[in-house]
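The data block below is final.cif; it holds mmCIF, C-alpha atoms.
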```cif
data_coords
loop_
_atom_site.label_atom_id
_atom_site.label_comp_id
_atom_site.auth_asym_id
_atom_site.auth_seq_id
_atom_site.Cartn_x
_atom_site.Cartn_y
_atom_site.Cartn_z
CA MET A 2 -35.49 8.90 -18.18
CA VAL A 3 -37.15 5.52 -17.99
CA THR A 4 -35.33 4.33 -21.10
CA ALA A 5 -32.06 5.86 -19.88
CA THR A 6 -32.36 3.96 -16.61
CA ALA A 7 -33.07 0.75 -18.45
CA LEU A 8 -30.06 1.40 -20.69
CA GLU A 9 -27.88 2.16 -17.66
CA ALA A 10 -28.94 -1.10 -16.04
CA GLU A 11 -28.14 -2.96 -19.23
CA LEU A 12 -24.71 -1.33 -19.54
CA LEU A 13 -23.99 -1.94 -15.86
CA GLU A 14 -24.71 -5.60 -16.42
CA LEU A 15 -22.45 -5.72 -19.48
CA ALA A 16 -19.59 -3.94 -17.73
CA GLY A 17 -20.15 -6.08 -14.64
CA ALA A 18 -19.72 -9.25 -16.68
CA VAL A 19 -16.17 -8.25 -17.65
CA PRO A 20 -13.73 -10.71 -16.02
CA ASP A 21 -11.10 -9.45 -13.59
CA PRO A 22 -7.78 -9.47 -15.48
CA GLU A 23 -5.86 -11.05 -12.59
CA LEU A 24 -8.57 -13.31 -11.20
CA PRO A 25 -10.47 -14.23 -14.36
CA VAL A 26 -12.84 -16.52 -12.45
CA LEU A 27 -14.42 -13.38 -10.99
CA THR A 28 -16.40 -10.75 -12.82
CA LEU A 29 -16.05 -7.08 -11.92
CA GLN A 30 -19.55 -7.22 -10.45
CA GLU A 31 -18.63 -10.15 -8.20
CA LEU A 32 -15.43 -8.38 -7.13
CA GLY A 33 -17.55 -5.36 -6.22
CA VAL A 34 -15.44 -2.73 -7.94
CA LEU A 35 -18.03 -1.41 -10.37
CA ARG A 36 -19.87 1.45 -8.69
CA ALA A 37 -22.15 3.09 -11.26
CA VAL A 38 -22.90 3.75 -14.92
CA HIS A 39 -24.21 7.15 -16.04
CA VAL A 40 -25.51 7.65 -19.56
CA HIS A 41 -25.51 11.16 -21.07
CA GLY A 42 -27.55 11.61 -24.22
CA THR A 43 -27.89 8.39 -26.18
CA ASP A 44 -24.36 7.13 -26.63
CA THR A 45 -22.06 8.77 -24.08
CA VAL A 46 -21.41 6.85 -20.93
CA GLU A 47 -19.44 7.38 -17.75
CA VAL A 48 -18.46 4.39 -15.61
CA ASP A 49 -17.37 4.65 -11.96
CA LEU A 50 -14.75 2.08 -11.00
CA THR A 51 -13.05 1.74 -7.62
CA PRO A 52 -9.63 0.13 -7.08
CA THR A 53 -9.20 -2.78 -4.68
CA TYR A 54 -5.75 -1.56 -3.59
CA THR A 55 -4.75 2.00 -4.50
CA GLY A 56 -1.85 0.72 -6.58
CA CYS A 57 -3.71 -2.16 -8.21
CA PRO A 58 -2.11 -2.48 -11.66
CA ALA A 59 -5.18 -4.28 -13.02
CA LEU A 60 -7.20 -1.08 -12.93
CA GLU A 61 -6.03 0.13 -16.33
CA THR A 62 -6.80 -3.19 -17.98
CA MET A 63 -10.24 -3.19 -16.37
CA SER A 64 -10.87 0.28 -17.81
CA LEU A 65 -9.84 -0.77 -21.30
CA ASP A 66 -11.97 -3.93 -21.14
CA ILE A 67 -15.03 -1.97 -20.01
CA GLN A 68 -14.51 0.58 -22.78
CA ARG A 69 -14.21 -2.16 -25.38
CA VAL A 70 -17.36 -3.98 -24.25
CA LEU A 71 -19.50 -0.85 -24.06
CA ARG A 72 -18.26 0.46 -27.41
CA ALA A 73 -19.13 -2.87 -28.98
CA HIS A 74 -22.60 -2.31 -27.58
CA GLY A 75 -23.01 0.93 -29.53
CA MET A 76 -21.70 3.49 -27.08
CA ARG A 77 -19.65 6.14 -28.86
CA GLU A 78 -17.86 7.70 -25.92
CA VAL A 79 -16.97 5.69 -22.82
CA THR A 80 -15.16 7.30 -19.90
CA VAL A 81 -14.05 5.24 -16.91
CA ARG A 82 -13.56 7.30 -13.76
CA THR A 83 -11.60 6.10 -10.74
CA VAL A 84 -13.53 6.73 -7.54
CA LEU A 85 -11.97 6.19 -4.11
CA THR A 86 -15.00 6.81 -1.88
CA PRO A 87 -16.33 4.78 -0.23
CA ALA A 88 -13.14 2.74 0.01
CA TRP A 89 -13.45 -0.78 -1.39
CA SER A 90 -13.54 -3.58 1.13
CA THR A 91 -13.31 -7.34 0.75
CA ASP A 92 -16.85 -7.34 2.13
CA ASP A 93 -17.85 -5.99 -1.31
CA ILE A 94 -17.05 -9.36 -2.89
CA THR A 95 -20.36 -11.13 -3.49
CA ALA A 96 -21.25 -14.52 -2.05
CA GLU A 97 -21.05 -16.00 -5.54
CA GLY A 98 -17.61 -14.39 -5.92
CA ARG A 99 -16.43 -16.03 -2.69
CA ARG A 100 -17.69 -19.40 -3.82
CA LYS A 101 -15.81 -19.06 -7.13
CA LEU A 102 -12.60 -18.00 -5.39
CA ARG A 103 -12.70 -21.10 -3.18
CA GLU A 104 -13.41 -23.31 -6.17
CA PHE A 105 -10.43 -21.71 -7.96
CA GLY A 106 -8.15 -22.60 -5.03
CA ILE A 107 -8.03 -19.21 -3.30
CA ALA A 108 -9.30 -18.96 0.27
CA PRO A 109 -11.87 -16.14 0.24
CA PRO A 110 -11.60 -13.23 2.68
CA ARG A 111 -13.39 -13.62 5.98
CA ALA A 112 -16.25 -11.24 6.66
CA ALA A 113 -16.07 -7.90 8.44
CA ALA A 114 -12.51 -8.23 9.72
CA ALA A 115 -10.70 -4.93 9.93
CA GLY A 116 -7.04 -4.93 9.08
CA PRO A 117 -4.49 -7.64 9.68
CA VAL A 118 -5.21 -10.41 12.11
CA PRO A 119 -2.70 -10.14 14.98
CA LEU A 120 -0.20 -12.96 14.85
CA THR A 121 2.78 -14.10 16.81
CA LEU A 122 5.90 -15.30 15.12
CA GLY A 123 7.73 -18.49 15.83
CA PRO A 124 11.47 -18.65 15.44
CA THR A 125 11.37 -19.63 11.78
CA ARG A 126 7.90 -19.64 10.30
CA THR A 127 4.77 -17.74 11.07
CA HIS A 128 2.70 -20.65 12.33
CA ALA A 129 0.51 -19.50 15.14
CA PRO A 130 -3.06 -20.14 16.19
CA GLU A 131 -5.20 -17.21 15.15
CA SER A 132 -7.63 -17.19 17.96
CA GLY A 133 -8.20 -13.49 18.38
CA PRO A 134 -11.71 -12.42 19.29
CA GLY A 135 -14.08 -12.83 16.40
CA SER A 136 -11.48 -14.24 14.03
CA GLU A 137 -12.43 -17.42 12.31
CA PRO A 138 -9.69 -19.63 10.88
CA VAL A 139 -8.66 -19.40 7.24
CA ARG A 140 -9.73 -22.70 5.74
CA CYS A 141 -7.80 -24.59 3.10
CA PRO A 142 -9.67 -24.19 -0.20
CA HIS A 143 -8.58 -27.70 -1.22
CA CYS A 144 -9.49 -29.91 1.74
CA GLY A 145 -11.40 -27.52 3.99
CA SER A 146 -9.13 -27.95 7.01
CA ALA A 147 -8.92 -25.06 9.44
CA ASP A 148 -5.36 -26.05 10.33
CA THR A 149 -3.40 -23.68 8.09
CA GLU A 150 -0.36 -21.49 8.58
CA LEU A 151 0.79 -18.16 7.18
CA LEU A 152 3.90 -18.28 5.00
CA SER A 153 3.93 -14.67 3.86
CA ARG A 154 1.63 -11.70 4.38
CA PHE A 155 2.12 -10.76 0.74
CA SER A 156 1.75 -13.14 -2.18
CA SER A 157 1.34 -13.15 -5.97
CA THR A 158 -0.60 -9.89 -5.80
CA ALA A 159 -1.02 -7.19 -3.15
CA CYS A 160 -4.48 -8.48 -2.27
CA LYS A 161 -3.38 -12.00 -1.32
CA ALA A 162 -1.35 -13.71 1.41
CA LEU A 163 0.46 -17.02 1.01
CA ARG A 164 -0.57 -19.85 3.32
CA ARG A 165 -0.06 -23.59 3.65
CA CYS A 166 -2.48 -26.26 4.76
CA LEU A 167 -1.07 -28.42 7.54
CA ALA A 168 -3.58 -31.19 6.83
CA CYS A 169 -3.11 -31.73 3.08
CA ARG A 170 0.23 -29.81 2.89
CA GLU A 171 -0.90 -27.80 -0.15
CA PRO A 172 0.16 -24.15 -0.31
CA PHE A 173 -2.61 -21.72 -1.27
CA ASP A 174 -3.38 -18.03 -1.69
CA HIS A 175 -5.68 -16.27 0.74
CA PHE A 176 -7.55 -13.15 -0.32
CA LYS A 177 -6.65 -10.84 2.59
CA GLU A 178 -9.32 -8.95 4.47
CA LEU A 179 -9.20 -5.26 3.59
CA MET B 13 -4.74 7.52 -13.60
CA THR B 14 -7.52 9.97 -12.98
CA ALA B 15 -8.79 10.43 -9.49
CA THR B 16 -11.72 12.56 -8.59
CA GLY B 17 -11.15 15.05 -5.83
CA PRO B 18 -12.15 18.46 -4.60
CA ALA B 19 -11.07 21.37 -6.76
CA THR B 20 -8.83 23.00 -4.19
CA VAL B 21 -5.97 20.87 -2.98
CA PRO B 22 -3.12 22.16 -0.84
CA VAL B 23 -0.21 21.45 -3.18
CA THR B 24 2.48 21.50 -0.48
CA ALA B 25 0.69 18.78 1.48
CA ALA B 26 -0.03 16.67 -1.62
CA LEU B 27 3.66 16.81 -2.54
CA ALA B 28 4.80 15.99 0.99
CA LEU B 29 2.61 12.89 1.27
CA GLY B 30 3.04 11.91 -2.38
CA ASP B 31 6.83 12.26 -2.31
CA ASP B 32 7.07 10.21 0.89
CA ALA B 33 5.18 7.39 -0.80
CA LEU B 34 7.03 7.67 -4.13
CA VAL B 35 10.53 7.76 -2.67
CA LEU B 36 9.98 4.92 -0.22
CA SER B 37 8.35 2.90 -3.00
CA HIS B 38 11.48 3.33 -5.11
CA ARG B 39 13.78 2.39 -2.24
CA LEU B 40 11.78 -0.78 -1.55
CA GLY B 41 11.83 -1.61 -5.25
CA GLU B 42 15.63 -1.69 -5.03
CA TRP B 43 15.29 -4.91 -3.01
CA ALA B 44 14.02 -6.77 -6.10
CA GLY B 45 16.47 -9.60 -6.66
CA HIS B 46 18.28 -8.97 -3.36
CA ALA B 47 15.84 -9.84 -0.55
CA PRO B 48 16.85 -12.55 1.94
CA ALA B 49 14.00 -14.88 0.95
CA LEU B 50 11.55 -15.15 -1.90
CA GLU B 51 8.61 -14.34 0.38
CA GLU B 52 10.35 -11.12 1.45
CA GLU B 53 11.08 -10.22 -2.14
CA VAL B 54 7.36 -10.44 -2.83
CA ALA B 55 6.37 -8.68 0.38
CA LEU B 56 8.65 -5.68 -0.15
CA ALA B 57 7.56 -5.36 -3.78
CA ASN B 58 3.90 -5.47 -2.77
CA ILE B 59 4.43 -2.79 -0.14
CA ALA B 60 6.25 -0.72 -2.76
CA LEU B 61 3.30 -1.18 -5.11
CA ASP B 62 0.81 0.03 -2.50
CA LEU B 63 2.96 3.11 -1.90
CA LEU B 64 3.30 3.77 -5.61
CA GLY B 65 -0.48 3.66 -5.95
CA GLN B 66 -0.84 6.19 -3.14
CA ALA B 67 1.87 8.37 -4.70
CA ARG B 68 0.12 8.40 -8.06
CA VAL B 69 -3.16 9.60 -6.55
CA LEU B 70 -1.45 12.23 -4.39
CA LEU B 71 0.84 13.60 -7.10
CA SER B 72 -2.09 13.70 -9.53
CA LEU B 73 -3.85 15.97 -7.05
CA ALA B 74 -0.87 18.33 -7.25
CA GLY B 75 -0.28 18.24 -11.00
CA ASP B 76 0.95 15.86 -13.71
CA GLU B 77 2.22 12.74 -11.95
CA ASP B 78 4.94 11.93 -14.49
CA GLU B 79 6.31 15.45 -14.64
CA LEU B 80 6.37 15.65 -10.87
CA ALA B 81 8.05 12.28 -10.43
CA PHE B 82 10.56 12.39 -13.25
CA LEU B 83 11.31 16.01 -14.06
CA ARG B 84 11.72 17.71 -10.70
CA GLU B 85 15.15 18.45 -9.30
CA GLU B 86 16.22 17.13 -5.93
CA ARG B 87 15.50 20.39 -4.11
CA ALA B 88 11.87 20.35 -5.29
CA PHE B 89 11.07 17.06 -3.53
CA ARG B 90 9.26 17.41 -0.23
CA ASN B 91 9.69 13.91 1.21
CA LEU B 92 11.01 13.14 4.66
CA GLN B 93 14.71 12.40 4.83
CA LEU B 94 13.81 9.13 6.56
CA VAL B 95 12.27 7.56 3.44
CA GLU B 96 15.22 8.43 1.19
CA GLN B 97 17.77 6.69 3.43
CA PRO B 98 19.53 3.81 1.67
CA ASN B 99 18.18 0.31 2.28
CA GLY B 100 21.25 -0.72 4.25
CA ASP B 101 20.99 -4.26 5.58
CA PHE B 102 17.60 -5.91 6.04
CA ALA B 103 17.39 -4.59 9.61
CA HIS B 104 17.78 -0.99 8.40
CA THR B 105 14.98 -1.50 5.88
CA ILE B 106 12.74 -2.96 8.59
CA ALA B 107 13.53 -0.13 11.03
CA ARG B 108 12.70 2.42 8.33
CA GLN B 109 9.46 0.54 7.59
CA LEU B 110 8.54 0.42 11.25
CA TYR B 111 9.14 4.12 11.87
CA PHE B 112 7.38 5.21 8.69
CA SER B 113 4.43 2.81 8.60
CA VAL B 114 3.42 3.61 12.18
CA TYR B 115 3.60 7.32 11.33
CA GLN B 116 1.65 6.81 8.12
CA GLN B 117 -1.04 4.76 9.82
CA LEU B 118 -1.54 7.34 12.58
CA LEU B 119 -1.56 10.27 10.15
CA HIS B 120 -3.87 8.66 7.58
CA THR B 121 -6.28 7.52 10.29
CA GLU B 122 -6.58 11.15 11.33
CA LEU B 123 -6.90 12.43 7.75
CA ALA B 124 -9.49 9.76 6.90
CA ALA B 125 -11.66 10.85 9.82
CA GLY B 126 -11.81 14.44 8.56
CA ASP B 127 -13.49 15.81 5.44
CA GLY B 128 -10.43 17.37 3.82
CA PRO B 129 -9.21 16.71 0.27
CA PHE B 130 -7.04 13.79 1.40
CA ALA B 131 -9.77 11.89 3.24
CA PRO B 132 -10.72 9.53 0.36
CA LEU B 133 -7.12 8.47 -0.30
CA ALA B 134 -6.35 8.27 3.42
CA ALA B 135 -9.31 5.95 3.98
CA LYS B 136 -7.86 3.52 1.45
CA ALA B 137 -4.24 3.98 2.49
CA VAL B 138 -4.91 3.32 6.15
CA LYS B 139 -6.16 -0.18 5.36
CA GLU B 140 -3.14 -0.96 3.18
CA VAL B 141 -0.66 0.51 5.63
CA ALA B 142 -2.06 -1.67 8.43
CA TYR B 143 -0.44 -4.62 6.64
CA HIS B 144 2.84 -2.74 6.12
CA ARG B 145 2.96 -1.89 9.81
CA ASP B 146 2.17 -5.46 10.79
CA HIS B 147 4.94 -6.74 8.50
CA ALA B 148 7.53 -4.34 9.97
CA GLU B 149 6.41 -4.98 13.52
CA GLN B 150 6.61 -8.77 13.24
CA TRP B 151 10.08 -8.56 11.71
CA THR B 152 11.22 -6.17 14.44
CA LEU B 153 10.06 -8.67 17.04
CA ARG B 154 11.72 -11.59 15.29
CA LEU B 155 15.04 -9.85 14.69
CA GLY B 156 15.14 -8.04 18.04
CA ASP B 157 14.17 -11.07 20.10
CA GLY B 158 16.23 -13.38 17.90
CA THR B 159 19.89 -14.30 17.85
CA GLU B 160 22.62 -12.17 19.34
CA THR B 161 23.63 -11.01 15.87
CA SER B 162 20.12 -10.21 14.67
CA ARG B 163 19.40 -8.32 17.87
CA GLU B 164 22.59 -6.29 17.59
CA ARG B 165 21.97 -5.39 13.97
CA MET B 166 18.32 -4.49 14.59
CA GLN B 167 19.38 -2.24 17.45
CA GLN B 168 22.02 -0.57 15.28
CA ALA B 169 19.42 0.06 12.58
CA CYS B 170 16.92 1.56 15.04
CA ASP B 171 19.65 3.79 16.46
CA ALA B 172 20.95 4.91 13.06
CA LEU B 173 17.56 6.04 11.76
CA TRP B 174 16.34 7.61 15.01
CA ARG B 175 17.65 11.05 14.12
CA PHE B 176 15.37 11.16 11.08
CA THR B 177 12.17 10.61 13.04
CA GLY B 178 11.70 14.10 14.48
CA GLU B 179 10.91 15.60 11.12
CA MET B 180 7.75 13.53 10.73
CA PHE B 181 5.91 15.66 13.25
CA GLN B 182 6.71 19.11 11.94
CA PRO B 183 3.37 20.54 10.80
CA VAL B 184 2.76 20.42 7.05
CA GLU B 185 0.89 23.34 5.53
CA GLY B 186 -2.55 22.18 4.45
CA LEU B 187 -2.69 19.06 6.59
CA ASP B 188 -5.19 19.23 9.38
CA ALA B 189 -3.60 17.05 12.03
CA ASP B 190 -2.87 17.25 15.74
CA TRP B 191 0.92 16.91 15.42
CA PRO B 192 1.90 16.83 19.11
CA SER B 193 -0.70 14.15 19.74
CA LEU B 194 0.48 12.15 16.69
CA GLU B 195 4.04 12.33 17.96
CA ALA B 196 3.07 11.20 21.46
CA ARG B 197 1.14 8.23 20.09
CA TRP B 198 3.98 7.37 17.70
CA LEU B 199 6.52 7.39 20.53
CA GLU B 200 4.27 5.25 22.67
CA TYR B 201 3.67 2.72 19.89
CA ILE B 202 7.32 2.49 18.86
CA GLY B 203 8.38 2.21 22.50
CA ASP B 204 5.97 -0.69 22.97
CA VAL B 205 7.19 -2.58 19.87
CA LEU B 206 10.86 -2.07 20.68
CA GLY B 207 10.24 -3.12 24.26
CA ARG B 208 8.55 -6.35 23.19
CA ALA B 209 11.43 -6.93 20.77
CA THR B 210 13.85 -6.65 23.74
CA LEU B 211 15.38 -3.60 22.05
CA THR B 212 16.24 -0.29 23.65
CA VAL B 213 14.49 2.88 22.55
CA PRO B 214 17.29 5.02 21.09
CA GLU B 215 18.33 7.94 23.24
CA GLY B 216 19.89 10.29 20.74
CA PRO B 217 18.27 13.43 19.38
CA ARG B 218 15.46 12.92 16.87
CA THR B 219 16.61 15.81 14.71
CA GLY B 220 20.08 17.10 13.92
CA ALA B 221 21.03 20.62 12.93
CA TRP B 222 23.16 19.48 10.03
CA SER B 223 21.47 16.39 8.73
CA ALA B 224 17.86 16.01 9.65
CA GLY B 225 14.76 18.08 9.73
CA ALA B 226 14.62 19.65 6.32
CA GLY B 227 13.31 17.16 3.76
CA ARG B 228 9.94 18.91 3.82
CA GLU B 229 11.82 22.09 2.81
CA GLY B 230 13.64 20.40 -0.05
CA VAL B 231 16.94 19.78 1.72
CA HIS B 232 17.99 16.17 1.33
CA THR B 233 20.78 13.81 2.30
CA GLU B 234 23.63 12.82 0.02
CA SER B 235 22.28 9.52 -1.25
CA PHE B 236 19.00 11.02 -2.45
CA GLY B 237 20.52 12.62 -5.56
CA ARG B 238 21.89 9.28 -6.70
CA MET B 239 18.56 7.60 -6.11
CA LEU B 240 16.79 10.25 -8.17
CA ALA B 241 19.33 9.93 -10.98
CA GLU B 242 18.49 6.26 -11.27
CA MET B 243 14.76 6.81 -10.93
CA GLN B 244 14.60 9.62 -13.49
CA HIS B 245 17.23 8.83 -16.09
CA LEU B 246 15.08 6.72 -18.39
CA HIS B 247 12.30 9.28 -18.56
CA ARG B 248 14.76 12.12 -19.05
CA SER B 249 16.66 10.22 -21.76
CA HIS B 250 13.49 9.65 -23.75
CA PRO B 251 11.28 12.72 -23.20
CA GLY B 252 7.64 12.11 -23.98
CA ALA B 253 8.14 8.41 -24.72
CA ALA B 254 5.09 6.24 -24.12
CA TRP B 255 4.57 2.49 -24.00
#
```

Transcribe the structure of this file into structure tokens.
Amino acid sequence: MVTATALEAELLELAGAVPDPELPVLTLQELGVLRAVHVHGTDTVEVDLTPTYTGCPALETMSLDIQRVLRAHGMREVTVRTVLTPAWSTDDITAEGRRKLREFGIAPPRAAAAGPVPLTLGPTRTHAPESGPGSEPVRCPHCGSADTELLSRFSSTACKALRRCLACREPFDHFKEL
Amino acid sequence: MTATGPATVPVTAALALGDDALVLSHRLGEWAGHAPALEEEVALANIALDLLGQARVLLSLAGDEDELAFLREERAFRNLQLVEQPNGDFAHTIARQLYFSVYQQLLHTELAAGDGPFAPLAAKAVKEVAYHRDHAEQWTLRLGDGTETSRERMQQACDALWRFTGEMFQPVEGLDADWPSLEARWLEYIGDVLGRATLTVPEGPRTGAWSAGAGREGVHTESFGRMLAEMQHLHRSHPGAAW
């Protein structure tokens, strides 16, 4: 069992180093979607993966990438299981993952927020101060300004919203709190 | 996609919830290339994608997801008649989103709190649906409390779809929910949103003997057959084809 545990830890690290197919600056470990690795016998392995959003189309690519990496490491049979419980949350993204997102130009999710931040709409755009209790502003990943506005709740992928910085005028993606 | 779940799943309930998500996902997908603004194009497609993900998990609990989606006849679908209604103008789509996403959020919150076979999916769905509801709600406020034309069209849309909202609260076999309480909370929530949007809560009946109230039993409205024909024809034309 001691060797199996060591092997599992090694495989978990290998699978965790696989880059996210849609956000290649993040690894699966930093994204927090890799739940566990179970080794049966010497070369059969079962990996538990959780989706960010239920319909995340990157899940299948993640599975294939994990299988490829673990097979290259001598595993004969690699099964990737989709687990839904406990539900993934943006709080599962590691601190290092958040730093990388910001560096990549994506505003990282704020901590421990549940669901959408209540907003009020103006007549044309969705610019409104988000001063609800406990909500911190979404900062521009380029210049750091807290003066940013929402352009669309949904952006290039289901997990992001589209915003614009009112200080440097750059548009940017914001990883929505989930 | 494989999803782990308890061995015994009430098939009727899995089909009801899965078909709701699948059919609405397809309807929203029809907006691709037609939405009023690029941001809305992306928003509606992302909502459709969330629903498709939920549908895949739910239908996989009931059987083979592809067979269920592409090879069933119209009468075998268990979705609400509300979700199969044509997109109409943008106001109709938003009214349909408002009615359905509030229902879905209330129902999934209740399912997620229990320990039934749908709890894991419901716990994920409820977080996704919160954004769908917020999207529909903000649009309802903007269109309702907007120009004279936008207000009139939003009101027409709310009125037109009202008669499909009663069916949502008919108990579904295998779903452990407090239906009368869900309905009361739904009415309260919708009344509040419409009120803030300066719209009037429709007064007509919420079910009709001839048109509404039977999607869960496999009886659908006229446009549903045409939607299914489009959704299924590729799969049926090339049986067993794979990418």

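Distance check against Ser113 (chain B) using only C-alpha atoms: of B:Trp198, B:Gly75, B:Gly158, B:Glu85, the minimum falls on B:Trp198.
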
**Message:** Please report the interatomic distance between CA of Gly56 (chain A) and CA of His247 (chain B) in Å with one decimal.
**Reply:**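 About the pair CA of Gly56 (chain A) and CA of His247 (chain B): they are 20.4 Å apart.
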
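Counting only C-alpha atoms, Phe105 (chain A) has the following residues at most 9 Å away, ignoring those fewer than 4 positions along the same chain: Val26, Arg100, Lys101 and Pro142 of chain A.
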
**Request:** Give as a PyMOL selection string the residues that the PyMOL selection byres ((chain B) within 8 of (chain A)) matches when applied to the coordinates above.
**Result:** chain B and resi 13-16+51-52+54-55+58-59+61-66+132-133+135-137+139-140+142-143+146-147+150+154+158

Might you pull out every residue within 9 Å of region 38-42 of chain B, with only C-alpha atoms counted and same-chain residues fewer than 4 positions away left off, and present them as an mmCIF file with C-alpha atoms, in the coordinates of the input?
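Output saved as result-v2.cif:
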```
data_model
loop_
_atom_site.group_PDB
_atom_site.id
_atom_site.type_symbol
_atom_site.label_atom_id
_atom_site.label_comp_id
_atom_site.auth_asym_id
_atom_site.auth_seq_id
_atom_site.Cartn_x
_atom_site.Cartn_y
_atom_site.Cartn_z
ATOM 1 C CA ALA B 33 5.180 7.390 -0.800
ATOM 2 C CA LEU B 34 7.030 7.670 -4.130
ATOM 3 C CA HIS B 46 18.280 -8.970 -3.360
ATOM 4 C CA LEU B 56 8.650 -5.680 -0.150
ATOM 5 C CA ALA B 57 7.560 -5.360 -3.780
ATOM 6 C CA ILE B 59 4.430 -2.790 -0.140
ATOM 7 C CA ALA B 60 6.250 -0.720 -2.760
ATOM 8 C CA LEU B 61 3.300 -1.180 -5.110
ATOM 9 C CA LEU B 64 3.300 3.770 -5.610
ATOM 10 C CA VAL B 95 12.270 7.560 3.440
ATOM 11 C CA GLU B 96 15.220 8.430 1.190
ATOM 12 C CA GLN B 97 17.770 6.690 3.430
ATOM 13 C CA PRO B 98 19.530 3.810 1.670
ATOM 14 C CA ASN B 99 18.180 0.310 2.280
ATOM 15 C CA THR B 105 14.980 -1.500 5.880
ATOM 16 C CA MET B 239 18.560 7.600 -6.110
ATOM 17 C CA MET B 243 14.760 6.810 -10.930
#
```

Could you add all heavy atoms to region 92-97 of chain B and give me the result as a short mmCIF file (atom, residue, chain, number, x, y, z; two decimals), in the coordinates of the input?
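Writing the result to part.cif gives the following:
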```cif
data_model
loop_
_atom_site.label_atom_id
_atom_site.label_comp_id
_atom_site.auth_asym_id
_atom_site.auth_seq_id
_atom_site.Cartn_x
_atom_site.Cartn_y
_atom_site.Cartn_z
N LEU B 92 10.20 13.26 3.45
CA LEU B 92 11.01 13.14 4.66
C LEU B 92 12.37 12.56 4.32
O LEU B 92 12.47 11.69 3.45
CB LEU B 92 10.32 12.19 5.64
CG LEU B 92 8.95 12.60 6.18
CD1 LEU B 92 8.30 11.39 6.84
CD2 LEU B 92 9.10 13.73 7.17
N GLN B 93 13.39 12.99 5.04
CA GLN B 93 14.71 12.40 4.83
C GLN B 93 14.72 10.92 5.23
O GLN B 93 15.50 10.14 4.69
CB GLN B 93 15.76 13.17 5.62
CG GLN B 93 15.99 14.57 5.06
CD GLN B 93 17.09 15.32 5.79
OE1 GLN B 93 17.53 14.90 6.86
NE2 GLN B 93 17.51 16.44 5.22
N LEU B 94 13.85 10.54 6.13
CA LEU B 94 13.81 9.13 6.56
C LEU B 94 13.60 8.19 5.38
O LEU B 94 14.30 7.18 5.24
CB LEU B 94 12.67 8.93 7.58
CG LEU B 94 12.42 7.47 8.00
CD1 LEU B 94 13.58 6.94 8.84
CD2 LEU B 94 11.10 7.34 8.76
N VAL B 95 12.64 8.51 4.51
CA VAL B 95 12.27 7.56 3.44
C VAL B 95 13.32 7.46 2.34
O VAL B 95 13.33 6.50 1.58
CB VAL B 95 10.89 7.87 2.83
CG1 VAL B 95 9.79 7.72 3.87
CG2 VAL B 95 10.85 9.25 2.19
N GLU B 96 14.20 8.47 2.24
CA GLU B 96 15.22 8.43 1.19
C GLU B 96 16.49 7.70 1.65
O GLU B 96 17.40 7.50 0.85
CB GLU B 96 15.58 9.86 0.74
CG GLU B 96 16.48 10.62 1.72
CD GLU B 96 16.41 12.12 1.56
OE1 GLU B 96 15.37 12.63 1.11
OE2 GLU B 96 17.40 12.80 1.89
N GLN B 97 16.55 7.35 2.93
CA GLN B 97 17.77 6.69 3.43
C GLN B 97 17.98 5.37 2.70
O GLN B 97 17.04 4.65 2.42
CB GLN B 97 17.66 6.47 4.95
CG GLN B 97 17.64 7.76 5.76
CD GLN B 97 18.75 8.73 5.34
OE1 GLN B 97 19.93 8.38 5.37
NE2 GLN B 97 18.37 9.93 4.92
#
```
